[in-house]
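Student: Please see the structure below; I have some questions.
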Amino acid sequence: MIPAWPALPRVFLSVRDHLPRPPGQDEGLLFHDLSLTELIHLSANAERAAAVDVDSVEGLASDSAALTFLAERLGIRMVITRRPALTLRAVELGCQPLLRIHCLDSTGLERALDGHPGTPVGTALSPGLILAHLAEQQRRMLPPPVLAYGLMRRDEEFDAAWTAGAASVVTSAAGDPAGSGRGRRNHRADPGRRGSKPGHALDKLDERLYNPA
Amino acid sequence: MRRGTSGIKPQSQVAGQNEIARRLSDFPCGAAVKSEAQLEAALDCPPGVVFVLRGDGLEIGSMLRRIHSAGKLAAVHLDLVDGLSSDISGVRWLVRSGADAIISSHSQAVRAVKAEGVTAIQRVLCLSELSVEHGMTAVSRSQPDIVELLPGVILPQVADLVLPRLTVPLLAGGFIRNVKDVDAVLEAGALAVTTTDPALWNL
C-alpha cells in the first residue's frame, strides 16, 4: 500500500546555519549544509513543514538511525537523500522521502533515474533551475512529487519550475515567492505542519538564530 | 555558427590552451562523444575539438590518434573514462596517450594536468549556491586554463555568480538541446558549448 503523505508546501525556505529571513506563512523549511547542533536548534521551534537534506548535515550519518532520530526526536518526517536504499528505509519509518538527483547532463539524469525506487519516493532535482529546461519526456520520468532544489532565486524561475511540474521549490532568496499569492495556487494546507498557529511559527526562536554575528 | 576565419589545421603535438580556445572560438559547439558512433560522426564535423566523455582510458591511445588524424584536438574527461583514477598517475597516462586537454572536477587532478603541460579544463558543477561557491573557490586555487560549467543550459541564469570570478574561458555543457540554447549560452558569456547532439556540431 502506498502511504498518503500531505502535499509539499509550494515553497521551502533554504536554511543553513541560520534563518535567512522569517519564512512566509505557507513556506516550509529545508535544513541543509549545517551541523547537527544547528539543525536541532533551528528545527526546535519551527512549527511548520520541515525537511532535511540528510546527506548534508555535518555530524549526521546517512543511515536508518539518523532517520529515526529526525522523525522521533525532531519530528521531521520529510527527508532528502541521494541514497535510494535510504529512501526506502524512510518509507518504512513513515517518513516522506525524496531522492536527490544531480541533474548535470542527460546521461547523468538517465543513470540517476535508473536507480530511483519510484513511487512513493519523490524527487529532489538539483539544480532546481534545470527542471524548466528539461524535455517534456524527461520531466515525465521524474517520480512525483518533484522538488526544484538549488539555485532558485528569481520569481520567473519559481514560476517556470511550477509550470514545469514542480510541487515545490527551494529558495534562499530574500523575497517570499509565495508572498504575492502566486505560489499558493493549488496549495494544500498543513503539509506536515507541526505547530499550532500559522504565522506564529518562529516566534519562539532565539533572535541570535536569525542574525548570527 | 562559425565565428572565426582561421580554419582548422591538423595538430600532431600537444596543443596549448590558446589553440584549444582558438578552435572553440572558431566553432563554438564542441563535439562531446560517448560512443564509437558519435566519434565517427564527430570526426566528419566541423568542430576542431572532440570531448571524449566515455571509453576505456587504458586503451584510449588509438582513439586519440584517430581524432588527431582527422585534424582535431582531443579533450579527455579523466573522471568519466573507465580504468583511470582521478590522480596524478591517471593524468600522466592520458598525457602519454596523446590527450591535448584533460577535464576533471578535482583540483588535484587539474593541478597535475597543468604540471604536465597540457590544457587543464576544470568542471564546475552548479547544483546549488554552495556548490557554485565551492567550485569557484576550487578554480581560484587550481588555476585551470579553461572552466566548464554544468549544466550549461543554466548559464544565463547563474552568470552573475560565475563570470565575475573567472579570468579564463568558459565552456558550458549539459542539456543544451537546440540553437536557441546555444545562442543564449554564448550570449551569456561562454566561449563555447559542449554537446553530444550531432545536429548542433554543424552549426
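Residue names in the C-alpha cells use chain letters A, B, ... in the order shown, residue numbers from 1 in each chain, and ligand numbers from 1 in the order shown.
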According to DSSP computed on the backbone, where in stretch 53-85 of chain A is there helix (DSSP H, G or I)? Give the residues as a ChimeraX atom specification.
Tutor: /A:54-56,64-72,84-85
Student: Please produce a file of the residues just selected, as a CSV table (one decimal), in the first residue's frame, where the atoms kept are all heavy atoms.
Tutor:
chain,number,residue,atom,x,y,z
A,54,VAL,N,19.5,15.0,4.4
A,54,VAL,CA,20.2,14.2,5.4
A,54,VAL,C,21.7,14.1,5.1
A,54,VAL,O,22.6,14.2,6.0
A,54,VAL,CB,19.6,12.8,5.4
A,54,VAL,CG1,20.4,11.9,6.4
A,54,VAL,CG2,18.2,12.8,5.8
A,55,ASP,N,22.0,14.0,3.8
A,55,ASP,CA,23.4,13.8,3.4
A,55,ASP,C,24.3,15.0,3.7
A,55,ASP,O,25.5,14.9,3.7
A,55,ASP,CB,23.5,13.5,1.9
A,55,ASP,CG,22.7,12.3,1.5
A,55,ASP,OD1,22.4,11.4,2.4
A,55,ASP,OD2,22.2,12.3,0.4
A,56,SER,N,23.7,16.2,3.9
A,56,SER,CA,24.5,17.4,4.0
A,56,SER,C,24.6,17.9,5.5
A,56,SER,O,25.1,19.0,5.7
A,56,SER,CB,23.9,18.5,3.2
A,56,SER,OG,22.7,19.0,3.8
A,64,SER,N,19.8,4.6,8.8
A,64,SER,CA,18.5,4.4,9.4
A,64,SER,C,18.4,5.1,10.8
A,64,SER,O,17.3,5.7,11.1
A,64,SER,CB,18.2,2.9,9.6
A,64,SER,OG,16.9,2.7,10.1
A,65,ALA,N,19.4,5.0,11.6
A,65,ALA,CA,19.4,5.6,12.9
A,65,ALA,C,19.2,7.1,12.8
A,65,ALA,O,18.5,7.7,13.6
A,65,ALA,CB,20.7,5.4,13.6
A,66,ALA,N,19.8,7.7,11.8
A,66,ALA,CA,19.6,9.2,11.6
A,66,ALA,C,18.1,9.5,11.3
A,66,ALA,O,17.6,10.5,11.8
A,66,ALA,CB,20.5,9.7,10.5
A,67,LEU,N,17.5,8.7,10.4
A,67,LEU,CA,16.1,8.9,10.1
A,67,LEU,C,15.2,8.8,11.3
A,67,LEU,O,14.3,9.5,11.5
A,67,LEU,CB,15.7,7.9,9.0
A,67,LEU,CG,16.4,8.0,7.6
A,67,LEU,CD1,15.7,7.1,6.6
A,67,LEU,CD2,16.3,9.4,7.1
A,68,THR,N,15.5,7.8,12.1
A,68,THR,CA,14.7,7.6,13.3
A,68,THR,C,14.9,8.8,14.2
A,68,THR,O,13.9,9.2,14.8
A,68,THR,CB,15.2,6.3,14.0
A,68,THR,OG1,15.1,5.2,13.1
A,68,THR,CG2,14.4,6.0,15.3
A,69,PHE,N,16.1,9.3,14.4
A,69,PHE,CA,16.3,10.5,15.2
A,69,PHE,C,15.5,11.7,14.7
A,69,PHE,O,14.9,12.4,15.5
A,69,PHE,CB,17.8,10.8,15.3
A,69,PHE,CG,18.1,12.0,16.0
A,69,PHE,CD1,18.3,12.0,17.4
A,69,PHE,CD2,18.3,13.2,15.4
A,69,PHE,CE1,18.6,13.2,18.1
A,69,PHE,CE2,18.6,14.4,16.1
A,69,PHE,CZ,18.8,14.3,17.5
A,70,LEU,N,15.6,11.9,13.4
A,70,LEU,CA,14.9,13.0,12.8
A,70,LEU,C,13.4,12.9,13.0
A,70,LEU,O,12.8,13.9,13.4
A,70,LEU,CB,15.2,13.1,11.3
A,70,LEU,CG,16.6,13.5,10.9
A,70,LEU,CD1,16.8,13.3,9.4
A,70,LEU,CD2,17.0,14.9,11.3
A,71,ALA,N,12.9,11.7,12.8
A,71,ALA,CA,11.4,11.5,12.9
A,71,ALA,C,11.0,11.6,14.4
A,71,ALA,O,10.0,12.3,14.7
A,71,ALA,CB,11.0,10.2,12.3
A,72,GLU,N,11.7,10.9,15.2
A,72,GLU,CA,11.1,10.7,16.6
A,72,GLU,C,11.6,11.8,17.6
A,72,GLU,O,10.9,12.1,18.5
A,72,GLU,CB,11.5,9.3,17.1
A,72,GLU,CG,10.9,8.2,16.3
A,72,GLU,CD,11.2,6.8,16.8
A,72,GLU,OE1,11.9,6.7,17.9
A,72,GLU,OE2,10.8,5.8,16.2
A,84,PRO,N,19.3,5.7,-2.7
A,84,PRO,CA,18.0,5.1,-2.9
A,84,PRO,C,17.6,4.1,-1.8
A,84,PRO,O,16.4,4.1,-1.4
A,84,PRO,CB,18.2,4.3,-4.2
A,84,PRO,CG,19.3,5.1,-4.9
A,84,PRO,CD,20.2,5.6,-3.8
A,85,ALA,N,18.5,3.4,-1.2
A,85,ALA,CA,18.2,2.4,-0.1
A,85,ALA,C,17.7,3.2,1.1
A,85,ALA,O,16.8,2.7,1.8
A,85,ALA,CB,19.4,1.6,0.2
Student: Output as a Markdown table one row per residue of stretch 17-83 of chain B within 12 Å of stretch 172-178 of chain B: the closest atom pair and its distance in Å to one decimal place, counting only C-alpha atoms, sorted by chain and residue number ascending.
Tutor:
| residue | atom | partner | partner_atom | distance |
| --- | --- | --- | --- | --- |
| B:Leu24 | CA | B:Ala172 | CA | 11.6 |
| B:Pro28 | CA | B:Ala172 | CA | 10.2 |
| B:Cys29 | CA | B:Ala172 | CA | 9.7 |
| B:Gly30 | CA | B:Gly173 | CA | 9.2 |
| B:Ala31 | CA | B:Gly173 | CA | 10.4 |
| B:Ala32 | CA | B:Gly173 | CA | 8.9 |
| B:Phe51 | CA | B:Gly173 | CA | 10.7 |
| B:Leu53 | CA | B:Gly173 | CA | 11.6 |
Student: Could you please take those selected residues and save all heavy atoms as a tab-separated table (two decimals), in the first residue's frame?
Tutor:
chain	number	residue	atom	x	y	z
B	24	LEU	N	37.82	26.44	-30.37
B	24	LEU	CA	36.45	26.52	-29.83
B	24	LEU	C	35.82	27.87	-30.18
B	24	LEU	O	34.61	27.96	-30.37
B	24	LEU	CB	36.48	26.34	-28.31
B	24	LEU	CG	36.78	24.91	-27.86
B	24	LEU	CD1	37.04	24.86	-26.36
B	24	LEU	CD2	35.64	23.97	-28.21
B	28	PRO	N	32.04	27.14	-32.05
B	28	PRO	CA	31.72	27.12	-30.61
B	28	PRO	C	30.75	26.04	-30.18
B	28	PRO	O	30.16	26.16	-29.12
B	28	PRO	CB	31.14	28.52	-30.37
B	28	PRO	CG	30.57	28.92	-31.66
B	28	PRO	CD	31.42	28.29	-32.72
B	29	CYS	N	30.60	24.98	-30.95
B	29	CYS	CA	29.84	23.82	-30.50
B	29	CYS	C	30.78	22.63	-30.48
B	29	CYS	O	30.97	21.95	-31.50
B	29	CYS	CB	28.65	23.55	-31.41
B	29	CYS	SG	27.34	24.76	-31.25
B	30	GLY	N	31.40	22.38	-29.35
B	30	GLY	CA	32.33	21.28	-29.24
B	30	GLY	C	31.60	19.95	-29.27
B	30	GLY	O	30.53	19.80	-28.68
B	31	ALA	N	32.20	18.98	-29.96
B	31	ALA	CA	31.57	17.66	-30.10
B	31	ALA	C	31.94	16.79	-28.91
B	31	ALA	O	33.09	16.40	-28.74
B	31	ALA	CB	32.04	17.00	-31.40
B	32	ALA	N	30.95	16.49	-28.08
B	32	ALA	CA	31.17	15.59	-26.94
B	32	ALA	C	30.72	14.19	-27.34
B	32	ALA	O	29.59	14.02	-27.82
B	32	ALA	CB	30.39	16.08	-25.72
B	51	PHE	N	35.47	16.20	-27.42
B	51	PHE	CA	35.48	15.94	-25.98
B	51	PHE	C	35.10	14.48	-25.75
B	51	PHE	O	33.98	14.08	-26.05
B	51	PHE	CB	34.50	16.87	-25.27
B	51	PHE	CG	34.91	18.31	-25.34
B	51	PHE	CD1	34.65	19.08	-26.46
B	51	PHE	CD2	35.56	18.91	-24.27
B	51	PHE	CE1	35.05	20.41	-26.53
B	51	PHE	CE2	35.96	20.24	-24.32
B	51	PHE	CZ	35.70	20.99	-25.46
B	53	LEU	N	34.04	11.65	-23.51
B	53	LEU	CA	33.40	11.52	-22.20
B	53	LEU	C	33.22	10.07	-21.76
B	53	LEU	O	32.76	9.83	-20.64
B	53	LEU	CB	32.04	12.21	-22.22
B	53	LEU	CG	32.02	13.68	-22.64
B	53	LEU	CD1	30.63	14.26	-22.46
B	53	LEU	CD2	33.04	14.49	-21.87
Student: Would you mind telling me which residue in B:Leu186, B:Ile121, B:Leu73, B:Leu166 lies nearest to B:Val153 when using only C-alpha atoms?
Tutor: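 Closest candidate: B:Leu186.
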Student: Considering only C-alpha atoms, extract the chain A residues located within 12 Å of chain B and return them as a tab-separated table (two decimals) with all heavy atoms, in the first residue's frame.
Tutor:
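So the final result, stored in result.tsv, reads:
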chain	number	residue	atom	x	y	z
A	14	SER	N	15.27	27.84	2.22
A	14	SER	CA	16.55	27.20	2.47
A	14	SER	C	17.14	27.69	3.79
A	14	SER	O	17.28	28.90	4.01
A	14	SER	CB	17.49	27.54	1.31
A	14	SER	OG	18.82	27.28	1.64
A	16	ARG	N	20.42	27.16	6.23
A	16	ARG	CA	21.72	26.56	6.54
A	16	ARG	C	22.03	26.81	8.02
A	16	ARG	O	21.37	26.24	8.87
A	16	ARG	CB	22.79	27.11	5.60
A	16	ARG	CG	22.61	26.57	4.16
A	16	ARG	CD	23.49	27.26	3.17
A	16	ARG	NE	24.90	27.14	3.49
A	16	ARG	CZ	25.86	27.77	2.82
A	16	ARG	NH1	25.55	28.54	1.79
A	16	ARG	NH2	27.12	27.63	3.17
A	32	HIS	N	19.68	22.23	5.43
A	32	HIS	CA	20.75	21.55	4.68
A	32	HIS	C	22.08	22.25	4.93
A	32	HIS	O	22.11	23.43	5.31
A	32	HIS	CB	20.44	21.56	3.18
A	32	HIS	CG	20.43	22.94	2.58
A	32	HIS	ND1	21.49	23.44	1.85
A	32	HIS	CD2	19.51	23.93	2.63
A	32	HIS	CE1	21.21	24.67	1.47
A	32	HIS	NE2	20.01	25.00	1.92
A	33	ASP	N	23.16	21.52	4.72
A	33	ASP	CA	24.51	22.09	4.85
A	33	ASP	C	24.67	22.84	6.17
A	33	ASP	O	25.04	24.01	6.19
A	33	ASP	CB	24.82	22.99	3.64
A	33	ASP	CG	24.86	22.21	2.35
A	33	ASP	OD1	25.77	21.38	2.20
A	33	ASP	OD2	23.97	22.41	1.50
A	34	LEU	N	24.37	22.16	7.23
A	34	LEU	CA	24.53	22.72	8.57
A	34	LEU	C	24.96	21.59	9.49
A	34	LEU	O	24.98	20.42	9.08
A	34	LEU	CB	23.26	23.40	9.04
A	34	LEU	CG	22.04	22.56	9.49
A	34	LEU	CD1	20.94	23.49	9.96
A	34	LEU	CD2	21.52	21.64	8.43
A	56	SER	N	23.71	16.17	3.92
A	56	SER	CA	24.50	17.40	4.05
A	56	SER	C	24.61	17.88	5.48
A	56	SER	O	25.14	18.96	5.72
A	56	SER	CB	23.87	18.50	3.19
A	56	SER	OG	22.67	18.97	3.76
A	100	ARG	N	17.42	12.70	-4.02
A	100	ARG	CA	18.06	13.85	-4.66
A	100	ARG	C	18.83	13.38	-5.89
A	100	ARG	O	19.65	12.46	-5.83
A	100	ARG	CB	19.01	14.57	-3.70
A	100	ARG	CG	19.54	15.86	-4.29
A	100	ARG	CD	20.41	16.63	-3.33
A	100	ARG	NE	20.77	17.92	-3.91
A	100	ARG	CZ	21.67	18.75	-3.39
A	100	ARG	NH1	22.29	18.44	-2.27
A	100	ARG	NH2	21.94	19.90	-3.97
A	101	ILE	N	18.55	14.03	-6.98
A	101	ILE	CA	19.21	13.71	-8.25
A	101	ILE	C	20.03	14.91	-8.69
A	101	ILE	O	19.51	16.02	-8.80
A	101	ILE	CB	18.15	13.35	-9.32
A	101	ILE	CG1	17.54	11.99	-9.00
A	101	ILE	CG2	18.76	13.36	-10.71
A	101	ILE	CD1	16.47	11.58	-9.97
A	102	HIS	N	21.31	14.67	-8.94
A	102	HIS	CA	22.17	15.70	-9.50
A	102	HIS	C	21.99	15.68	-11.01
A	102	HIS	O	22.40	14.75	-11.69
A	102	HIS	CB	23.62	15.45	-9.12
A	102	HIS	CG	23.91	15.69	-7.67
A	102	HIS	ND1	25.15	15.52	-7.10
A	102	HIS	CD2	23.11	16.13	-6.67
A	102	HIS	CE1	25.09	15.82	-5.81
A	102	HIS	NE2	23.86	16.19	-5.53
A	103	CYS	N	21.39	16.71	-11.51
A	103	CYS	CA	20.96	16.73	-12.91
A	103	CYS	C	21.90	17.62	-13.71
A	103	CYS	O	21.63	18.81	-13.91
A	103	CYS	CB	19.52	17.24	-12.97
A	103	CYS	SG	18.68	16.88	-14.50
A	104	LEU	N	23.01	17.05	-14.17
A	104	LEU	CA	24.04	17.83	-14.83
A	104	LEU	C	24.05	17.64	-16.34
A	104	LEU	O	24.43	18.54	-17.09
A	104	LEU	CB	25.41	17.48	-14.25
A	104	LEU	CG	25.56	17.81	-12.77
A	104	LEU	CD1	26.80	17.15	-12.18
A	104	LEU	CD2	25.61	19.31	-12.56
A	105	ASP	N	23.68	16.46	-16.78
A	105	ASP	CA	23.55	16.22	-18.22
A	105	ASP	C	22.56	15.06	-18.43
A	105	ASP	O	22.14	14.41	-17.47
A	105	ASP	CB	24.89	15.95	-18.90
A	105	ASP	CG	25.61	14.73	-18.33
A	105	ASP	OD1	24.94	13.85	-17.76
A	105	ASP	OD2	26.84	14.68	-18.46
A	106	SER	N	22.20	14.83	-19.66
A	106	SER	CA	21.15	13.84	-19.95
A	106	SER	C	21.54	12.44	-19.50
A	106	SER	O	20.72	11.70	-18.95
A	106	SER	CB	20.84	13.83	-21.46
A	106	SER	OG	20.37	15.09	-21.86
A	107	THR	N	22.80	12.09	-19.73
A	107	THR	CA	23.23	10.75	-19.35
A	107	THR	C	23.18	10.58	-17.84
A	107	THR	O	22.73	9.54	-17.33
A	107	THR	CB	24.66	10.49	-19.86
A	107	THR	OG1	24.69	10.70	-21.26
A	107	THR	CG2	25.10	9.08	-19.54
A	108	GLY	N	23.61	11.58	-17.13
A	108	GLY	CA	23.57	11.51	-15.68
A	108	GLY	C	22.16	11.40	-15.15
A	108	GLY	O	21.89	10.66	-14.19
A	109	LEU	N	21.24	12.11	-15.80
A	109	LEU	CA	19.84	12.03	-15.38
A	109	LEU	C	19.29	10.62	-15.60
A	109	LEU	O	18.62	10.06	-14.72
A	109	LEU	CB	19.01	13.05	-16.17
A	109	LEU	CG	17.51	13.00	-15.93
A	109	LEU	CD1	17.17	13.27	-14.46
A	109	LEU	CD2	16.80	14.01	-16.84
A	124	ALA	N	13.98	15.10	-5.62
A	124	ALA	CA	14.54	16.43	-5.39
A	124	ALA	C	15.56	16.67	-6.49
A	124	ALA	O	16.61	16.04	-6.51
A	124	ALA	CB	15.19	16.51	-4.01
A	125	LEU	N	15.23	17.55	-7.40
A	125	LEU	CA	16.05	17.75	-8.59
A	125	LEU	C	16.99	18.93	-8.38
A	125	LEU	O	16.55	20.04	-8.10
A	125	LEU	CB	15.14	18.00	-9.80
A	125	LEU	CG	15.77	17.87	-11.16
A	125	LEU	CD1	16.09	16.42	-11.47
A	125	LEU	CD2	14.84	18.44	-12.23
A	126	SER	N	18.29	18.67	-8.54
A	126	SER	CA	19.28	19.73	-8.38
A	126	SER	C	20.14	19.88	-9.64
A	126	SER	O	20.60	18.88	-10.17
A	126	SER	CB	20.21	19.42	-7.19
A	126	SER	OG	19.50	19.45	-5.98
A	127	PRO	N	20.36	21.12	-10.11
A	127	PRO	CA	19.78	22.34	-9.58
A	127	PRO	C	18.31	22.46	-9.96
A	127	PRO	O	17.91	21.98	-11.03
A	127	PRO	CB	20.62	23.43	-10.27
A	127	PRO	CG	20.98	22.83	-11.59
A	127	PRO	CD	21.20	21.37	-11.31
A	128	GLY	N	17.55	23.12	-9.12
A	128	GLY	CA	16.14	23.27	-9.42
A	128	GLY	C	15.88	23.99	-10.72
A	128	GLY	O	14.87	23.76	-11.40
A	129	LEU	N	16.82	24.87	-11.08
A	129	LEU	CA	16.69	25.62	-12.33
A	129	LEU	C	16.53	24.72	-13.54
A	129	LEU	O	15.92	25.10	-14.53
A	129	LEU	CB	17.94	26.49	-12.55
A	129	LEU	CG	18.11	27.77	-11.77
A	129	LEU	CD1	19.44	28.41	-12.15
A	129	LEU	CD2	16.95	28.71	-12.07
A	130	ILE	N	17.07	23.51	-13.47
A	130	ILE	CA	17.14	22.68	-14.66
A	130	ILE	C	15.76	22.14	-15.05
A	130	ILE	O	15.53	21.81	-16.22
A	130	ILE	CB	18.14	21.52	-14.46
A	130	ILE	CG1	18.60	20.95	-15.81
A	130	ILE	CG2	17.55	20.42	-13.61
A	130	ILE	CD1	19.39	21.91	-16.63
A	131	LEU	N	14.86	22.05	-14.11
A	131	LEU	CA	13.56	21.44	-14.40
A	131	LEU	C	12.89	22.09	-15.60
A	131	LEU	O	12.36	21.40	-16.48
A	131	LEU	CB	12.66	21.52	-13.16
A	131	LEU	CG	11.27	20.88	-13.32
A	131	LEU	CD1	11.37	19.39	-13.62
A	131	LEU	CD2	10.43	21.12	-12.06
A	132	ALA	N	12.93	23.39	-15.65
A	132	ALA	CA	12.26	24.10	-16.75
A	132	ALA	C	12.97	23.90	-18.08
A	132	ALA	O	12.40	24.20	-19.13
A	132	ALA	CB	12.16	25.58	-16.42
A	133	HIS	N	14.19	23.42	-18.03
A	133	HIS	CA	14.95	23.22	-19.27
A	133	HIS	C	14.85	21.79	-19.79
A	133	HIS	O	15.32	21.50	-20.90
A	133	HIS	CB	16.42	23.56	-19.04
A	133	HIS	CG	16.69	25.00	-18.78
A	133	HIS	ND1	16.69	25.96	-19.77
A	133	HIS	CD2	16.93	25.66	-17.63
A	133	HIS	CE1	16.95	27.15	-19.24
A	133	HIS	NE2	17.10	26.99	-17.94
A	134	LEU	N	14.29	20.90	-19.02
A	134	LEU	CA	14.20	19.51	-19.46
A	134	LEU	C	13.14	19.35	-20.54
A	134	LEU	O	12.15	20.09	-20.59
A	134	LEU	CB	13.85	18.59	-18.28
A	134	LEU	CG	14.84	18.52	-17.12
A	134	LEU	CD1	14.34	17.52	-16.08
A	134	LEU	CD2	16.22	18.14	-17.61
A	135	ALA	N	13.36	18.35	-21.38
A	135	ALA	CA	12.33	18.00	-22.36
A	135	ALA	C	11.13	17.40	-21.62
A	135	ALA	O	11.28	16.83	-20.53
A	135	ALA	CB	12.90	17.00	-23.36
A	138	GLN	N	11.58	13.95	-20.50
A	138	GLN	CA	12.44	13.80	-19.32
A	138	GLN	C	11.68	14.17	-18.05
A	138	GLN	O	11.83	13.51	-17.02
A	138	GLN	CB	13.68	14.68	-19.47
A	138	GLN	CG	14.63	14.22	-20.56
A	138	GLN	CD	15.74	15.22	-20.84
A	138	GLN	OE1	15.49	16.43	-20.92
A	138	GLN	NE2	16.95	14.73	-21.02
A	148	ALA	N	12.11	21.32	-6.78
A	148	ALA	CA	13.17	22.02	-7.52
A	148	ALA	C	14.12	22.62	-6.49
A	148	ALA	O	13.77	23.57	-5.79
A	148	ALA	CB	12.58	23.09	-8.41
A	149	TYR	N	15.32	22.06	-6.43
A	149	TYR	CA	16.21	22.28	-5.28
A	149	TYR	C	17.57	22.78	-5.77
A	149	TYR	O	18.36	22.02	-6.29
A	149	TYR	CB	16.33	20.95	-4.54
A	149	TYR	CG	17.24	20.90	-3.32
A	149	TYR	CD1	17.65	22.04	-2.65
A	149	TYR	CD2	17.67	19.68	-2.83
A	149	TYR	CE1	18.47	21.98	-1.55
A	149	TYR	CE2	18.49	19.59	-1.71
A	149	TYR	CZ	18.89	20.75	-1.09
A	149	TYR	OH	19.71	20.67	0.02
A	150	GLY	N	17.79	24.07	-5.59
A	150	GLY	CA	19.11	24.62	-5.86
A	150	GLY	C	19.12	25.70	-6.91
A	150	GLY	O	18.59	25.54	-8.01
A	151	LEU	N	19.71	26.85	-6.55
A	151	LEU	CA	19.94	27.97	-7.46
A	151	LEU	C	18.66	28.66	-7.92
A	151	LEU	O	18.64	29.31	-8.95
A	151	LEU	CB	20.77	27.53	-8.67
A	151	LEU	CG	22.23	27.19	-8.35
A	151	LEU	CD1	22.90	26.49	-9.54
A	151	LEU	CD2	23.02	28.45	-7.98
A	152	MET	N	17.60	28.50	-7.14
A	152	MET	CA	16.34	29.19	-7.48
A	152	MET	C	16.33	30.53	-6.75
A	152	MET	O	16.29	30.57	-5.52
A	152	MET	CB	15.15	28.35	-7.03
A	152	MET	CG	15.14	26.92	-7.53
A	152	MET	SD	14.68	26.80	-9.25
A	152	MET	CE	12.96	27.26	-9.15
A	153	ARG	N	16.35	31.62	-7.51
A	153	ARG	CA	16.47	32.93	-6.87
A	153	ARG	C	15.44	33.95	-7.33
A	153	ARG	O	15.19	34.93	-6.64
A	153	ARG	CB	17.87	33.49	-7.14
A	153	ARG	CG	18.99	32.69	-6.52
A	153	ARG	CD	20.35	33.30	-6.86
A	153	ARG	NE	20.66	33.20	-8.28
A	153	ARG	CZ	21.53	33.97	-8.91
A	153	ARG	NH1	22.15	34.93	-8.26
A	153	ARG	NH2	21.78	33.81	-10.20
A	154	ARG	N	14.88	33.75	-8.51
A	154	ARG	CA	14.06	34.81	-9.09
A	154	ARG	C	12.62	34.34	-9.27
A	154	ARG	O	12.36	33.15	-9.48
A	154	ARG	CB	14.64	35.22	-10.45
A	154	ARG	CG	16.10	35.66	-10.38
A	154	ARG	CD	16.64	36.00	-11.75
A	154	ARG	NE	18.04	36.41	-11.71
A	154	ARG	CZ	19.07	35.58	-11.91
A	154	ARG	NH1	18.84	34.30	-12.17
A	154	ARG	NH2	20.31	36.02	-11.86
A	156	GLU	N	10.61	34.59	-11.75
A	156	GLU	CA	10.33	33.90	-13.01
A	156	GLU	C	10.86	32.46	-12.97
A	156	GLU	O	10.32	31.57	-13.65
A	156	GLU	CB	10.91	34.66	-14.21
A	156	GLU	CG	12.42	34.87	-14.17
A	156	GLU	CD	12.80	36.20	-13.54
A	156	GLU	OE1	12.05	36.68	-12.67
A	156	GLU	OE2	13.86	36.75	-13.93
A	157	GLU	N	11.89	32.23	-12.15
A	157	GLU	CA	12.42	30.87	-12.03
A	157	GLU	C	11.48	29.99	-11.21
A	157	GLU	O	11.29	28.81	-11.51
A	157	GLU	CB	13.82	30.91	-11.42
A	157	GLU	CG	14.84	31.57	-12.35
A	157	GLU	CD	16.12	32.00	-11.67
A	157	GLU	OE1	16.22	31.90	-10.42
A	157	GLU	OE2	17.02	32.47	-12.38
A	170	VAL	N	12.70	25.30	-3.71
A	170	VAL	CA	13.51	25.72	-2.57
A	170	VAL	C	14.12	27.07	-2.91
A	170	VAL	O	14.69	27.23	-3.99
A	170	VAL	CB	14.65	24.72	-2.27
A	170	VAL	CG1	15.46	25.18	-1.07
A	170	VAL	CG2	14.09	23.33	-2.04
A	171	THR	N	13.99	28.01	-2.01
A	171	THR	CA	14.55	29.33	-2.27
A	171	THR	C	15.40	29.80	-1.11
A	171	THR	O	15.10	29.54	0.05
A	171	THR	CB	13.44	30.37	-2.51
A	171	THR	OG1	14.06	31.65	-2.71
A	171	THR	CG2	12.49	30.46	-1.33
A	172	SER	N	16.46	30.49	-1.46
A	172	SER	CA	17.24	31.19	-0.44
A	172	SER	C	17.10	32.69	-0.67
A	172	SER	O	17.79	33.48	-0.04
A	172	SER	CB	18.71	30.78	-0.52
A	172	SER	OG	19.20	31.02	-1.81
A	173	ALA	N	16.21	33.05	-1.59
A	173	ALA	CA	16.07	34.46	-1.95
A	173	ALA	C	15.46	35.24	-0.79
A	173	ALA	O	14.74	34.70	0.04
A	173	ALA	CB	15.19	34.59	-3.19
Student: What separation in Å, quoted to one decimal, exists between atom CA of A:Ala4 and atom CA of A:Leu88?
Tutor: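 Straight-line distance from atom CA of A:Ala4 to atom CA of A:Leu88 works out to 14.9 Å.
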Student: Residues at most 8 Å from B:Arg23, counting only C-alpha atoms, excluding those fewer than 3 positions away in the same chain, as a list in words?
Tutor: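 Skipping anything fewer than 3 positions along the chain leaves Gly7, Ile8, Glu19, Ile20, Asp26, Phe27, Pro28, Pro47, Gly48 and Val49 of chain B.
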Student: Identify which of the residues A:Thr123, A:Thr37, A:Thr87, A:Gln137 lies closest to A:Ala167, counting only C-alpha atoms when measuring atom-to-atom distances.
Tutor: A:Thr123
Student: Would you work out the distance separating atom CA of B:Gly98 from atom CA of B:His68, expressed in Å to one decimal?
Tutor: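 Atom-to-atom, atom CA of B:Gly98 and atom CA of B:His68 are spaced 8.9 Å apart.
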